[in-house]
Amino acid sequence: MIRPIKRLGQNFLQDPNTARNIVAGLVAKRGDPVVEIGPGTGALTGLLTDAFDRVTAIEVDERAAEIIEDLWPAVDIRRMDILDVDWQALRKELEAPLHVIGNLPYYITTPILFDLLDAGADGDVKEAVMMMQYEVAERLIAQPRTKQYGILSVAVQQAARAEILFPVSRNVFFPKPDVRSAVVRLTFGEQDPALHVDTAHLRMVVRTAFNQRRKTLRNSLQALTGSLGRELPEDVASKRAEELSPSDFVTLTRYLHGMPPRP
Ligand code: SAM
C-alpha cells in the first residue's frame, strides 16, 4: 500500500465485488485493447489481466507504476498524464479501437470526458467504463428541462450512448471521498449520422447558450448570431437553452453555420 496523495485524486477502491462489477461493465472481448486510466495500486488491474490479453495502463504516480509493473509484468504501463495521451496514436499503435476503463481521478473528470468524447467521435475509442462523482454522472444522462441538464449532457449525449451502470458508496474507498460515486458506460459509434456536426461549432453554441441559461436564446445567442450573420427562427428564439435537446442543438448549430438541416 502507498500513502494516498489527495492532489492526485487517490481514493483507492477496497471492495473486490465493486471492482468485479466495474470490469464486468466492459463489453470488450478478450483480444480487444483495454486502456486503464489511473491503475493506482491495481484494484481493477489484476481483474483486467484475467479477462483481457492486452492491457495498457496510464499512471502519473511513479510509486503506483512500480507496483503495477512488479505485480502484473504483462501490463503495458505508461508513466504519463492521462490528459497528454494521444488517443489516435494509441489506437493506431494497438491496431484497434480502444476500450477504456478507470476509477477516475475526480479533480480532472471533466477534461478526461471531453478528451474521450473527441476520441470516440474520431473512432479511436469504442467504449469507456468509468467511475466518477455521482453528481457528474447524473449530468451526463440528464434530460432537457431539468436542473442537471447542461453543457456536459449535450456534449455527451450527442457523441455517445450514456448509461449509469450502478451507484457506489463512499465507504468502499480508502480514504473515503467527500462524495458518492457512480459507474458510467459510454458507447461510441452508434449515433445517427444525421447528427453529424463540427464539434467545435457545437460546443461554442452550447456553451454560449448555457452561460446565460435563464435567458431566451434570442438574448443569450445575440452576439453569436450577429457575428455569424444569421437570425434565429422564431420558435427557437423564444426558448431557453435547457429546452433544447442534443439533436435540437445540432440542428441549430448547422443552421447558424449555413448548413442544410440534415446532411
Ligand atoms: N484504480 C485505482 C483504484 O481503483 O483503486 C486508483 C483510482 S484513484 C481514484 C485515481 C488514480 O489516477 C490514482 O492512481 C492516481 O495516481 C491516478 N492519476 C491521478 N492523476 C492522473 C493523471 N493526470 N494521469 C494519470 N493518472 C492519474
# chains A, B, ... in the order shown; residues from 1 in each chain; ligands from 1
>>> residues_around(residues="region 232-244 of chain A", least_positions_apart="5", cutoff="7 Å", atoms="only C-alpha atoms", output="JSON, numbers by chain")
{"A": [144, 145, 149, 150, 209, 210, 213, 214, 215, 216, 217, 218, 249]}
>>> residues_around(residues="Leu202 (chain A)", least_positions_apart="2", cutoff="9 Å", atoms="only C-alpha atoms", output="short mmCIF file (atom, residue, chain, number, x, y, z; two decimals) with N, CA, C and O atoms, in the first residue's frame")
data_model
loop_
_atom_site.label_atom_id
_atom_site.label_comp_id
_atom_site.auth_asym_id
_atom_site.auth_seq_id
_atom_site.Cartn_x
_atom_site.Cartn_y
_atom_site.Cartn_z
N ALA A 155 -23.03 17.59 -24.76
CA ALA A 155 -21.79 17.10 -25.38
C ALA A 155 -21.74 15.57 -25.36
O ALA A 155 -21.41 14.93 -26.37
N VAL A 197 -21.97 16.96 -36.83
CA VAL A 197 -21.77 18.40 -36.74
C VAL A 197 -20.32 18.65 -36.37
O VAL A 197 -19.67 17.79 -35.77
N ASP A 198 -19.81 19.83 -36.73
CA ASP A 198 -18.46 20.20 -36.31
C ASP A 198 -18.47 20.40 -34.78
O ASP A 198 -19.22 21.23 -34.26
N THR A 199 -17.63 19.61 -34.10
CA THR A 199 -17.69 19.61 -32.63
C THR A 199 -17.38 20.98 -32.04
O THR A 199 -18.01 21.41 -31.08
N ALA A 200 -16.39 21.67 -32.62
CA ALA A 200 -16.01 22.99 -32.08
C ALA A 200 -17.18 23.97 -32.22
O ALA A 200 -17.48 24.74 -31.31
N MET A 204 -19.32 25.68 -29.03
CA MET A 204 -19.43 27.14 -28.91
C MET A 204 -20.90 27.54 -28.72
O MET A 204 -21.24 28.34 -27.84
N VAL A 205 -21.79 26.97 -29.54
CA VAL A 205 -23.21 27.32 -29.44
C VAL A 205 -23.76 26.89 -28.07
O VAL A 205 -24.42 27.66 -27.37
N VAL A 206 -23.44 25.66 -27.67
CA VAL A 206 -23.99 25.12 -26.42
C VAL A 206 -23.45 25.92 -25.22
O VAL A 206 -24.20 26.30 -24.32
N ARG A 207 -22.15 26.21 -25.24
CA ARG A 207 -21.54 26.94 -24.12
C ARG A 207 -22.16 28.35 -24.02
O ARG A 207 -22.54 28.80 -22.95
N PHE A 249 -29.83 21.06 -30.64
CA PHE A 249 -28.60 21.88 -30.67
C PHE A 249 -27.80 21.61 -31.94
O PHE A 249 -27.20 22.52 -32.51
N VAL A 250 -27.80 20.35 -32.39
CA VAL A 250 -27.09 20.03 -33.64
C VAL A 250 -27.75 20.75 -34.81
O VAL A 250 -27.08 21.40 -35.62
N LEU A 252 -29.57 23.42 -34.73
CA LEU A 252 -29.34 24.86 -34.59
C LEU A 252 -27.92 25.23 -35.03
O LEU A 252 -27.73 26.22 -35.76
N THR A 253 -26.94 24.43 -34.63
CA THR A 253 -25.54 24.72 -35.00
C THR A 253 -25.37 24.65 -36.50
O THR A 253 -24.74 25.52 -37.12
N ARG A 254 -25.97 23.63 -37.11
CA ARG A 254 -25.87 23.50 -38.57
C ARG A 254 -26.51 24.72 -39.26
O ARG A 254 -25.95 25.28 -40.19
#
>>> select_by_dssp(residues="region 80-139 of chain A", states="alpha helix (DSSP H)", output="list in words")
Trp87, Gln88, Ala89, Leu90, Arg91, Lys92, Glu93, Leu94, Thr109, Thr110, Pro111, Ile112, Leu113, Phe114, Asp115, Leu116, Leu117, Asp118, Ala119, Gly120, Ala121, Tyr134, Glu135, Val136, Ala137, Glu138 and Arg139 of chain A
>>> residues_near_ligand(ligand="ligand 1", cutoff="8 Å", atoms="only C-alpha atoms and all ligand atoms", output="PyMOL selection string")
chain A and resi 5+7-14+19+36-45+58-61+64+79-83+102-108+173
>>> residues_around(residues="Ser227 (chain A)", least_positions_apart="6", cutoff="12 Å", atoms="only C-alpha atoms", output="list in words")
Leu221, Leu256 and His257 of chain A
>>> write_last_selection(atoms="N, CA and C atoms", output="PDB file, in the first residue's frame")
ATOM      1  N   LEU A 221     -27.838  34.195 -27.313  1.00  0.00           N
ATOM      2  CA  LEU A 221     -27.031  33.925 -28.527  1.00  0.00           C
ATOM      3  C   LEU A 221     -26.869  35.163 -29.420  1.00  0.00           C
ATOM      4  N   LEU A 256     -26.928  27.779 -38.000  1.00  0.00           N
ATOM      5  CA  LEU A 256     -26.135  29.002 -37.778  1.00  0.00           C
ATOM      6  C   LEU A 256     -24.906  29.044 -38.675  1.00  0.00           C
ATOM      7  N   HIS A 257     -24.407  27.859 -39.046  1.00  0.00           N
ATOM      8  CA  HIS A 257     -23.217  27.809 -39.900  1.00  0.00           C
ATOM      9  C   HIS A 257     -23.576  27.584 -41.374  1.00  0.00           C
TER      10      HIS A 257
END
>>> residues_around(residues="Thr187 (chain A)", least_positions_apart="2", cutoff="8 Å", atoms="only C-alpha atoms", output="list in words")
Lys126, Glu127, Ala128, Ala160, Arg161, Ala162, Arg185, Gly189 and Glu190 of chain A
>>> write_last_selection(atoms="N, CA and C atoms", output="PDB file, in the first residue's frame")
ATOM      1  N   LYS A 126     -13.927   3.034 -28.478  1.00  0.00           N
ATOM      2  CA  LYS A 126     -15.210   2.365 -28.748  1.00  0.00           C
ATOM      3  C   LYS A 126     -16.141   2.454 -27.546  1.00  0.00           C
ATOM      4  N   GLU A 127     -15.555   2.292 -26.330  1.00  0.00           N
ATOM      5  CA  GLU A 127     -16.386   2.403 -25.126  1.00  0.00           C
ATOM      6  C   GLU A 127     -15.519   2.872 -23.971  1.00  0.00           C
ATOM      7  N   ALA A 128     -16.183   3.433 -22.954  1.00  0.00           N
ATOM      8  CA  ALA A 128     -15.461   3.861 -21.758  1.00  0.00           C
ATOM      9  C   ALA A 128     -16.323   3.559 -20.544  1.00  0.00           C
ATOM     10  N   ALA A 160     -22.308  10.003 -27.713  1.00  0.00           N
ATOM     11  CA  ALA A 160     -22.280   8.619 -27.217  1.00  0.00           C
ATOM     12  C   ALA A 160     -23.627   8.208 -26.641  1.00  0.00           C
ATOM     13  N   ARG A 161     -23.763   6.889 -26.424  1.00  0.00           N
ATOM     14  CA  ARG A 161     -24.878   6.397 -25.601  1.00  0.00           C
ATOM     15  C   ARG A 161     -24.342   6.330 -24.183  1.00  0.00           C
ATOM     16  N   ALA A 162     -25.015   6.993 -23.253  1.00  0.00           N
ATOM     17  CA  ALA A 162     -24.509   7.078 -21.877  1.00  0.00           C
ATOM     18  C   ALA A 162     -25.458   6.365 -20.924  1.00  0.00           C
ATOM     19  N   ARG A 185     -21.132   3.929 -18.315  1.00  0.00           N
ATOM     20  CA  ARG A 185     -20.571   3.409 -19.574  1.00  0.00           C
ATOM     21  C   ARG A 185     -20.981   4.332 -20.717  1.00  0.00           C
ATOM     22  N   GLY A 189     -19.984   5.441 -31.548  1.00  0.00           N
ATOM     23  CA  GLY A 189     -20.122   4.888 -32.895  1.00  0.00           C
ATOM     24  C   GLY A 189     -21.510   4.390 -33.214  1.00  0.00           C
ATOM     25  N   GLU A 190     -22.503   4.747 -32.393  1.00  0.00           N
ATOM     26  CA  GLU A 190     -23.875   4.274 -32.655  1.00  0.00           C
ATOM     27  C   GLU A 190     -24.812   5.397 -33.065  1.00  0.00           C
TER      28      GLU A 190
END
>>> residues_around(residues="Leu140 (chain A)", least_positions_apart="4", cutoff="12 Å", atoms="only C-alpha atoms", output="mmCIF file with all heavy atoms, in the first residue's frame")
data_model
loop_
_atom_site.group_PDB
_atom_site.id
_atom_site.type_symbol
_atom_site.label_atom_id
_atom_site.label_comp_id
_atom_site.auth_asym_id
_atom_site.auth_seq_id
_atom_site.Cartn_x
_atom_site.Cartn_y
_atom_site.Cartn_z
ATOM 1 N N THR A 109 -12.100 14.910 -13.887
ATOM 2 C CA THR A 109 -13.152 14.138 -14.580
ATOM 3 C C THR A 109 -13.596 14.821 -15.874
ATOM 4 O O THR A 109 -13.672 14.181 -16.931
ATOM 5 C CB THR A 109 -14.395 13.967 -13.655
ATOM 6 O OG1 THR A 109 -13.996 13.269 -12.482
ATOM 7 C CG2 THR A 109 -15.497 13.201 -14.348
ATOM 8 N N THR A 110 -13.892 16.116 -15.813
ATOM 9 C CA THR A 110 -14.453 16.790 -16.998
ATOM 10 C C THR A 110 -13.469 16.834 -18.163
ATOM 11 O O THR A 110 -13.844 16.450 -19.280
ATOM 12 C CB THR A 110 -14.970 18.193 -16.641
ATOM 13 O OG1 THR A 110 -15.861 18.056 -15.530
ATOM 14 C CG2 THR A 110 -15.701 18.838 -17.791
ATOM 15 N N LEU A 113 -13.321 13.458 -19.727
ATOM 16 C CA LEU A 113 -14.534 13.171 -20.501
ATOM 17 C C LEU A 113 -14.491 13.846 -21.869
ATOM 18 O O LEU A 113 -14.772 13.210 -22.894
ATOM 19 C CB LEU A 113 -15.769 13.651 -19.740
ATOM 20 C CG LEU A 113 -16.300 12.700 -18.675
ATOM 21 C CD1 LEU A 113 -17.385 13.385 -17.849
ATOM 22 C CD2 LEU A 113 -16.853 11.439 -19.327
ATOM 23 N N PHE A 114 -14.117 15.119 -21.899
ATOM 24 C CA PHE A 114 -14.102 15.820 -23.196
ATOM 25 C C PHE A 114 -13.073 15.204 -24.143
ATOM 26 O O PHE A 114 -13.336 15.064 -25.340
ATOM 27 C CB PHE A 114 -13.910 17.329 -23.000
ATOM 28 C CG PHE A 114 -15.206 18.039 -22.716
ATOM 29 C CD1 PHE A 114 -15.536 18.462 -21.440
ATOM 30 C CD2 PHE A 114 -16.133 18.241 -23.737
ATOM 31 C CE1 PHE A 114 -16.757 19.098 -21.182
ATOM 32 C CE2 PHE A 114 -17.356 18.873 -23.493
ATOM 33 C CZ PHE A 114 -17.669 19.298 -22.213
ATOM 34 N N LEU A 117 -14.657 12.072 -25.483
ATOM 35 C CA LEU A 117 -15.729 12.355 -26.454
ATOM 36 C C LEU A 117 -15.122 12.620 -27.831
ATOM 37 O O LEU A 117 -15.621 12.137 -28.849
ATOM 38 C CB LEU A 117 -16.562 13.559 -26.014
ATOM 39 C CG LEU A 117 -17.376 13.405 -24.732
ATOM 40 C CD1 LEU A 117 -18.193 14.672 -24.486
ATOM 41 C CD2 LEU A 117 -18.287 12.185 -24.784
ATOM 42 N N MET A 132 -17.063 7.789 -11.522
ATOM 43 C CA MET A 132 -16.950 9.249 -11.370
ATOM 44 C C MET A 132 -17.885 9.713 -10.252
ATOM 45 O O MET A 132 -18.637 8.893 -9.697
ATOM 46 C CB MET A 132 -17.294 9.944 -12.684
ATOM 47 C CG MET A 132 -18.710 9.724 -13.140
ATOM 48 S SD MET A 132 -19.039 10.421 -14.771
ATOM 49 C CE MET A 132 -18.045 9.382 -15.817
ATOM 50 N N GLN A 133 -17.855 11.008 -9.947
ATOM 51 C CA GLN A 133 -18.757 11.558 -8.936
ATOM 52 C C GLN A 133 -20.200 11.328 -9.407
ATOM 53 O O GLN A 133 -20.517 11.576 -10.571
ATOM 54 C CB GLN A 133 -18.545 13.059 -8.782
ATOM 55 C CG GLN A 133 -17.145 13.511 -8.428
ATOM 56 C CD GLN A 133 -16.301 13.845 -9.658
ATOM 57 O OE1 GLN A 133 -16.248 13.080 -10.622
ATOM 58 N NE2 GLN A 133 -15.616 14.957 -9.626
ATOM 59 N N TYR A 134 -21.080 10.921 -8.487
ATOM 60 C CA TYR A 134 -22.469 10.649 -8.842
ATOM 61 C C TYR A 134 -23.120 11.862 -9.494
ATOM 62 O O TYR A 134 -23.857 11.765 -10.472
ATOM 63 C CB TYR A 134 -23.265 10.245 -7.591
ATOM 64 C CG TYR A 134 -24.578 9.616 -7.934
ATOM 65 C CD1 TYR A 134 -24.661 8.242 -8.163
ATOM 66 C CD2 TYR A 134 -25.728 10.380 -8.082
ATOM 67 C CE1 TYR A 134 -25.861 7.661 -8.517
ATOM 68 C CE2 TYR A 134 -26.923 9.810 -8.443
ATOM 69 C CZ TYR A 134 -26.987 8.448 -8.652
ATOM 70 O OH TYR A 134 -28.178 7.872 -9.024
ATOM 71 N N GLU A 135 -22.798 13.015 -8.939
ATOM 72 C CA GLU A 135 -23.395 14.267 -9.412
ATOM 73 C C GLU A 135 -22.988 14.553 -10.881
ATOM 74 O O GLU A 135 -23.789 15.061 -11.663
ATOM 75 C CB GLU A 135 -22.924 15.334 -8.415
ATOM 76 C CG GLU A 135 -23.195 16.766 -8.696
ATOM 77 C CD GLU A 135 -22.046 17.478 -9.368
ATOM 78 O OE1 GLU A 135 -20.874 17.138 -9.070
ATOM 79 O OE2 GLU A 135 -22.321 18.349 -10.203
ATOM 80 N N VAL A 136 -21.772 14.167 -11.258
ATOM 81 C CA VAL A 136 -21.354 14.348 -12.656
ATOM 82 C C VAL A 136 -22.062 13.315 -13.537
ATOM 83 O O VAL A 136 -22.554 13.635 -14.625
ATOM 84 C CB VAL A 136 -19.817 14.229 -12.812
ATOM 85 C CG1 VAL A 136 -19.402 14.377 -14.274
ATOM 86 C CG2 VAL A 136 -19.104 15.266 -11.955
ATOM 87 N N PRO A 144 -33.523 17.224 -21.046
ATOM 88 C CA PRO A 144 -33.869 18.647 -21.125
ATOM 89 C C PRO A 144 -34.879 19.042 -20.035
ATOM 90 O O PRO A 144 -35.635 18.202 -19.552
ATOM 91 C CB PRO A 144 -34.496 18.787 -22.515
ATOM 92 C CG PRO A 144 -33.887 17.676 -23.313
ATOM 93 C CD PRO A 144 -33.659 16.546 -22.343
ATOM 94 N N GLN A 148 -30.089 19.447 -13.843
ATOM 95 C CA GLN A 148 -28.777 18.852 -14.164
ATOM 96 C C GLN A 148 -28.401 19.004 -15.640
ATOM 97 O O GLN A 148 -27.254 18.786 -16.007
ATOM 98 C CB GLN A 148 -28.768 17.342 -13.827
ATOM 99 C CG GLN A 148 -28.812 17.029 -12.356
ATOM 100 C CD GLN A 148 -30.239 16.979 -11.832
ATOM 101 O OE1 GLN A 148 -31.206 17.220 -12.568
ATOM 102 N NE2 GLN A 148 -30.374 16.696 -10.549
ATOM 103 N N TYR A 149 -29.390 19.299 -16.481
ATOM 104 C CA TYR A 149 -29.150 19.339 -17.921
ATOM 105 C C TYR A 149 -28.300 20.558 -18.283
ATOM 106 O O TYR A 149 -28.627 21.677 -17.901
ATOM 107 C CB TYR A 149 -30.491 19.403 -18.651
ATOM 108 C CG TYR A 149 -30.413 19.298 -20.154
ATOM 109 C CD1 TYR A 149 -30.017 18.119 -20.774
ATOM 110 C CD2 TYR A 149 -30.761 20.378 -20.964
ATOM 111 C CE1 TYR A 149 -29.967 18.013 -22.150
ATOM 112 C CE2 TYR A 149 -30.724 20.283 -22.346
ATOM 113 C CZ TYR A 149 -30.323 19.094 -22.936
ATOM 114 O OH TYR A 149 -30.275 18.991 -24.297
ATOM 115 N N GLY A 150 -27.194 20.324 -19.005
ATOM 116 C CA GLY A 150 -26.315 21.437 -19.345
ATOM 117 C C GLY A 150 -25.307 21.051 -20.418
ATOM 118 O O GLY A 150 -25.525 20.103 -21.194
ATOM 119 N N ILE A 151 -24.187 21.766 -20.427
ATOM 120 C CA ILE A 151 -23.172 21.605 -21.469
ATOM 121 C C ILE A 151 -22.700 20.148 -21.566
ATOM 122 O O ILE A 151 -22.613 19.572 -22.658
ATOM 123 C CB ILE A 151 -21.969 22.530 -21.161
ATOM 124 C CG1 ILE A 151 -22.422 23.994 -21.221
ATOM 125 C CG2 ILE A 151 -20.806 22.275 -22.115
ATOM 126 C CD1 ILE A 151 -21.397 24.990 -20.690
ATOM 127 N N LEU A 152 -22.425 19.545 -20.398
ATOM 128 C CA LEU A 152 -21.908 18.175 -20.384
ATOM 129 C C LEU A 152 -22.950 17.187 -20.940
ATOM 130 O O LEU A 152 -22.608 16.265 -21.685
ATOM 131 C CB LEU A 152 -21.526 17.823 -18.938
ATOM 132 C CG LEU A 152 -20.496 16.735 -18.717
ATOM 133 C CD1 LEU A 152 -19.239 16.968 -19.532
ATOM 134 C CD2 LEU A 152 -20.159 16.648 -17.224
ATOM 135 N N SER A 153 -24.218 17.398 -20.581
ATOM 136 C CA SER A 153 -25.289 16.494 -21.059
ATOM 137 C C SER A 153 -25.359 16.518 -22.579
ATOM 138 O O SER A 153 -25.432 15.467 -23.235
ATOM 139 C CB SER A 153 -26.653 16.915 -20.518
ATOM 140 O OG SER A 153 -26.560 17.465 -19.238
ATOM 141 N N VAL A 154 -25.340 17.723 -23.151
ATOM 142 C CA VAL A 154 -25.462 17.837 -24.610
ATOM 143 C C VAL A 154 -24.224 17.239 -25.281
ATOM 144 O O VAL A 154 -24.328 16.445 -26.222
ATOM 145 C CB VAL A 154 -25.644 19.309 -25.042
ATOM 146 C CG1 VAL A 154 -25.683 19.426 -26.565
ATOM 147 C CG2 VAL A 154 -26.921 19.888 -24.438
ATOM 148 N N ALA A 155 -23.034 17.586 -24.761
ATOM 149 C CA ALA A 155 -21.794 17.097 -25.381
ATOM 150 C C ALA A 155 -21.742 15.567 -25.361
ATOM 151 O O ALA A 155 -21.407 14.926 -26.366
ATOM 152 C CB ALA A 155 -20.582 17.681 -24.658
ATOM 153 N N VAL A 156 -22.095 14.971 -24.229
ATOM 154 C CA VAL A 156 -22.014 13.512 -24.094
ATOM 155 C C VAL A 156 -23.080 12.820 -24.934
ATOM 156 O O VAL A 156 -22.793 11.886 -25.690
ATOM 157 C CB VAL A 156 -22.135 13.096 -22.603
ATOM 158 C CG1 VAL A 156 -22.394 11.605 -22.472
ATOM 159 C CG2 VAL A 156 -20.876 13.493 -21.852
ATOM 160 N N GLN A 157 -24.323 13.281 -24.808
ATOM 161 C CA GLN A 157 -25.413 12.575 -25.485
ATOM 162 C C GLN A 157 -25.365 12.727 -26.998
ATOM 163 O O GLN A 157 -25.878 11.889 -27.737
ATOM 164 C CB GLN A 157 -26.758 13.059 -24.933
ATOM 165 C CG GLN A 157 -26.950 12.633 -23.482
ATOM 166 C CD GLN A 157 -28.135 13.304 -22.819
ATOM 167 O OE1 GLN A 157 -29.135 13.607 -23.460
ATOM 168 N NE2 GLN A 157 -28.017 13.553 -21.522
ATOM 169 N N GLN A 158 -24.702 13.781 -27.467
ATOM 170 C CA GLN A 158 -24.561 13.949 -28.904
ATOM 171 C C GLN A 158 -23.498 12.982 -29.440
ATOM 172 O O GLN A 158 -23.554 12.540 -30.575
ATOM 173 C CB GLN A 158 -24.188 15.407 -29.190
ATOM 174 C CG GLN A 158 -24.133 15.795 -30.642
ATOM 175 C CD GLN A 158 -22.769 15.548 -31.239
ATOM 176 O OE1 GLN A 158 -21.760 15.656 -30.543
ATOM 177 N NE2 GLN A 158 -22.739 15.187 -32.512
ATOM 178 N N ALA A 159 -22.521 12.632 -28.580
ATOM 179 C CA ALA A 159 -21.383 11.828 -29.050
ATOM 180 C C ALA A 159 -21.504 10.343 -28.712
ATOM 181 O O ALA A 159 -20.848 9.513 -29.341
ATOM 182 C CB ALA A 159 -20.089 12.369 -28.436
ATOM 183 N N ALA A 160 -22.308 10.003 -27.713
ATOM 184 C CA ALA A 160 -22.280 8.619 -27.217
ATOM 185 C C ALA A 160 -23.627 8.208 -26.641
ATOM 186 O O ALA A 160 -24.476 9.049 -26.369
ATOM 187 C CB ALA A 160 -21.234 8.509 -26.101
ATOM 188 N N ARG A 161 -23.763 6.889 -26.424
ATOM 189 C CA ARG A 161 -24.878 6.397 -25.601
ATOM 190 C C ARG A 161 -24.342 6.330 -24.183
ATOM 191 O O ARG A 161 -23.288 5.723 -23.944
ATOM 192 C CB ARG A 161 -25.311 5.015 -26.103
ATOM 193 C CG ARG A 161 -26.402 4.364 -25.294
ATOM 194 C CD ARG A 161 -27.080 3.259 -26.122
ATOM 195 N NE ARG A 161 -26.107 2.245 -26.565
ATOM 196 C CZ ARG A 161 -25.759 1.176 -25.852
ATOM 197 N NH1 ARG A 161 -26.280 0.960 -24.653
ATOM 198 N NH2 ARG A 161 -24.880 0.303 -26.326
ATOM 199 N N ALA A 162 -25.015 6.993 -23.253
ATOM 200 C CA ALA A 162 -24.509 7.078 -21.877
ATOM 201 C C ALA A 162 -25.458 6.365 -20.924
ATOM 202 O O ALA A 162 -26.669 6.572 -20.976
ATOM 203 C CB ALA A 162 -24.384 8.543 -21.471
ATOM 204 N N GLU A 163 -24.893 5.495 -20.079
ATOM 205 C CA GLU A 163 -25.710 4.776 -19.094
ATOM 206 C C GLU A 163 -25.038 4.820 -17.734
ATOM 207 O O GLU A 163 -23.812 4.636 -17.657
ATOM 208 C CB GLU A 163 -25.803 3.282 -19.441
ATOM 209 C CG GLU A 163 -26.273 2.928 -20.801
ATOM 210 C CD GLU A 163 -25.765 1.536 -21.200
ATOM 211 O OE1 GLU A 163 -26.418 0.533 -20.864
ATOM 212 O OE2 GLU A 163 -24.683 1.465 -21.832
ATOM 213 N N ILE A 164 -25.822 4.996 -16.675
ATOM 214 C CA ILE A 164 -25.291 4.779 -15.320
ATOM 215 C C ILE A 164 -25.474 3.294 -15.023
ATOM 216 O O ILE A 164 -26.594 2.777 -15.068
ATOM 217 C CB ILE A 164 -26.027 5.631 -14.266
ATOM 218 C CG1 ILE A 164 -25.735 7.123 -14.512
ATOM 219 C CG2 ILE A 164 -25.587 5.230 -12.859
ATOM 220 C CD1 ILE A 164 -26.287 8.059 -13.451
ATOM 221 N N ALA A 182 -20.571 6.897 -9.056
ATOM 222 C CA ALA A 182 -21.366 6.032 -9.929
ATOM 223 C C ALA A 182 -20.469 5.528 -11.040
ATOM 224 O O ALA A 182 -19.497 6.192 -11.420
ATOM 225 C CB ALA A 182 -22.535 6.802 -10.531
ATOM 226 N N VAL A 183 -20.798 4.355 -11.549
ATOM 227 C CA VAL A 183 -20.074 3.812 -12.697
ATOM 228 C C VAL A 183 -20.920 4.051 -13.944
ATOM 229 O O VAL A 183 -22.115 3.739 -13.960
ATOM 230 C CB VAL A 183 -19.771 2.314 -12.513
ATOM 231 C CG1 VAL A 183 -19.082 1.742 -13.754
ATOM 232 C CG2 VAL A 183 -18.915 2.109 -11.275
ATOM 233 N N VAL A 184 -20.264 4.612 -14.939
ATOM 234 C CA VAL A 184 -20.951 5.022 -16.169
ATOM 235 C C VAL A 184 -20.316 4.300 -17.352
ATOM 236 O O VAL A 184 -19.110 4.084 -17.357
ATOM 237 C CB VAL A 184 -20.759 6.548 -16.361
ATOM 238 C CG1 VAL A 184 -21.193 6.999 -17.737
ATOM 239 C CG2 VAL A 184 -21.509 7.317 -15.293
ATOM 240 N N ARG A 185 -21.132 3.929 -18.315
ATOM 241 C CA ARG A 185 -20.571 3.409 -19.574
ATOM 242 C C ARG A 185 -20.981 4.332 -20.717
ATOM 243 O O ARG A 185 -22.162 4.657 -20.872
ATOM 244 C CB ARG A 185 -21.059 1.994 -19.866
ATOM 245 C CG ARG A 185 -20.492 1.476 -21.215
ATOM 246 C CD ARG A 185 -20.738 -0.012 -21.435
ATOM 247 N NE ARG A 185 -22.141 -0.317 -21.308
ATOM 248 C CZ ARG A 185 -22.618 -1.440 -20.764
ATOM 249 N NH1 ARG A 185 -21.806 -2.363 -20.306
ATOM 250 N NH2 ARG A 185 -23.928 -1.637 -20.676
ATOM 251 N N LEU A 186 -19.978 4.741 -21.506
ATOM 252 C CA LEU A 186 -20.236 5.475 -22.746
ATOM 253 C C LEU A 186 -19.931 4.539 -23.907
ATOM 254 O O LEU A 186 -18.879 3.886 -23.916
ATOM 255 C CB LEU A 186 -19.329 6.700 -22.856
ATOM 256 C CG LEU A 186 -19.393 7.749 -21.748
ATOM 257 C CD1 LEU A 186 -18.479 8.927 -22.091
ATOM 258 C CD2 LEU A 186 -20.818 8.232 -21.530
ATOM 259 N N PRO A 246 -30.270 17.515 -27.301
ATOM 260 C CA PRO A 246 -28.986 17.489 -28.010
ATOM 261 C C PRO A 246 -29.158 17.572 -29.526
ATOM 262 O O PRO A 246 -28.428 18.299 -30.194
ATOM 263 C CB PRO A 246 -28.378 16.154 -27.570
ATOM 264 C CG PRO A 246 -28.947 15.934 -26.199
ATOM 265 C CD PRO A 246 -30.349 16.475 -26.266
#
>>> residues_around(residues="Leu47 (chain A)", least_positions_apart="5", cutoff="10 Å", atoms="only C-alpha atoms", output="count of residues only")
8
>>> closest_residue(among="A:Asp124, A:Asp115, A:Asp178, A:Glu231", to="Asp84 (chain A)", atoms="only C-alpha atoms")
A:Asp115
>>> select_by_dssp(residues="region 12-211 of chain A", states="strand (DSSP E or B)", output="MDAnalysis selection string")
chainID A and resid 12:13 33:37 54:59 76:79 98:103 125:133 160:168 173:174 181:188
>>> write_last_selection(atoms="C-alpha atoms", output="compact mmCIF listing (two decimals), in the first residue's frame")
# COMPACT_ATOMS: atom_id res chain seq x y z
CA PHE A 12 -8.25 3.55 -3.62
CA LEU A 13 -11.07 1.05 -4.13
CA PRO A 33 -7.10 -3.45 -26.44
CA VAL A 34 -8.09 -2.21 -22.98
CA VAL A 35 -6.68 1.02 -21.56
CA GLU A 36 -6.91 1.66 -17.82
CA ILE A 37 -6.85 5.25 -16.56
CA ARG A 54 -3.85 -6.61 -23.94
CA VAL A 55 -3.97 -4.16 -21.05
CA THR A 56 -2.32 -0.74 -21.21
CA ALA A 57 -2.34 1.43 -18.05
CA ILE A 58 -1.70 5.17 -17.82
CA GLU A 59 -0.45 6.39 -14.44
CA ASP A 76 1.94 -2.18 -20.63
CA ILE A 77 2.36 0.61 -18.07
CA ARG A 78 2.87 4.15 -19.33
CA ARG A 79 4.07 6.78 -16.89
CA LEU A 98 -9.76 1.21 -27.63
CA HIS A 99 -11.87 0.11 -24.66
CA VAL A 100 -11.20 2.49 -21.79
CA ILE A 101 -11.79 1.80 -18.11
CA GLY A 102 -10.91 3.53 -14.86
CA ASN A 103 -11.77 4.82 -11.45
CA VAL A 125 -12.33 4.86 -28.56
CA LYS A 126 -15.21 2.37 -28.75
CA GLU A 127 -16.39 2.40 -25.13
CA ALA A 128 -15.46 3.86 -21.76
CA VAL A 129 -16.48 2.44 -18.36
CA MET A 130 -15.65 4.96 -15.67
CA MET A 131 -16.27 5.58 -12.00
CA MET A 132 -16.95 9.25 -11.37
CA GLN A 133 -18.76 11.56 -8.94
CA ALA A 160 -22.28 8.62 -27.22
CA ARG A 161 -24.88 6.40 -25.60
CA ALA A 162 -24.51 7.08 -21.88
CA GLU A 163 -25.71 4.78 -19.09
CA ILE A 164 -25.29 4.78 -15.32
CA LEU A 165 -24.48 1.13 -14.52
CA PHE A 166 -24.65 1.36 -10.70
CA PRO A 167 -24.04 3.73 -7.77
CA VAL A 168 -21.05 3.26 -5.46
CA PHE A 173 -12.67 3.61 -0.74
CA PHE A 174 -9.61 4.49 1.26
CA SER A 181 -19.87 7.81 -6.95
CA ALA A 182 -21.37 6.03 -9.93
CA VAL A 183 -20.07 3.81 -12.70
CA VAL A 184 -20.95 5.02 -16.17
CA ARG A 185 -20.57 3.41 -19.57
CA LEU A 186 -20.24 5.47 -22.75
CA THR A 187 -20.62 3.63 -26.05
CA PHE A 188 -19.42 5.35 -29.21
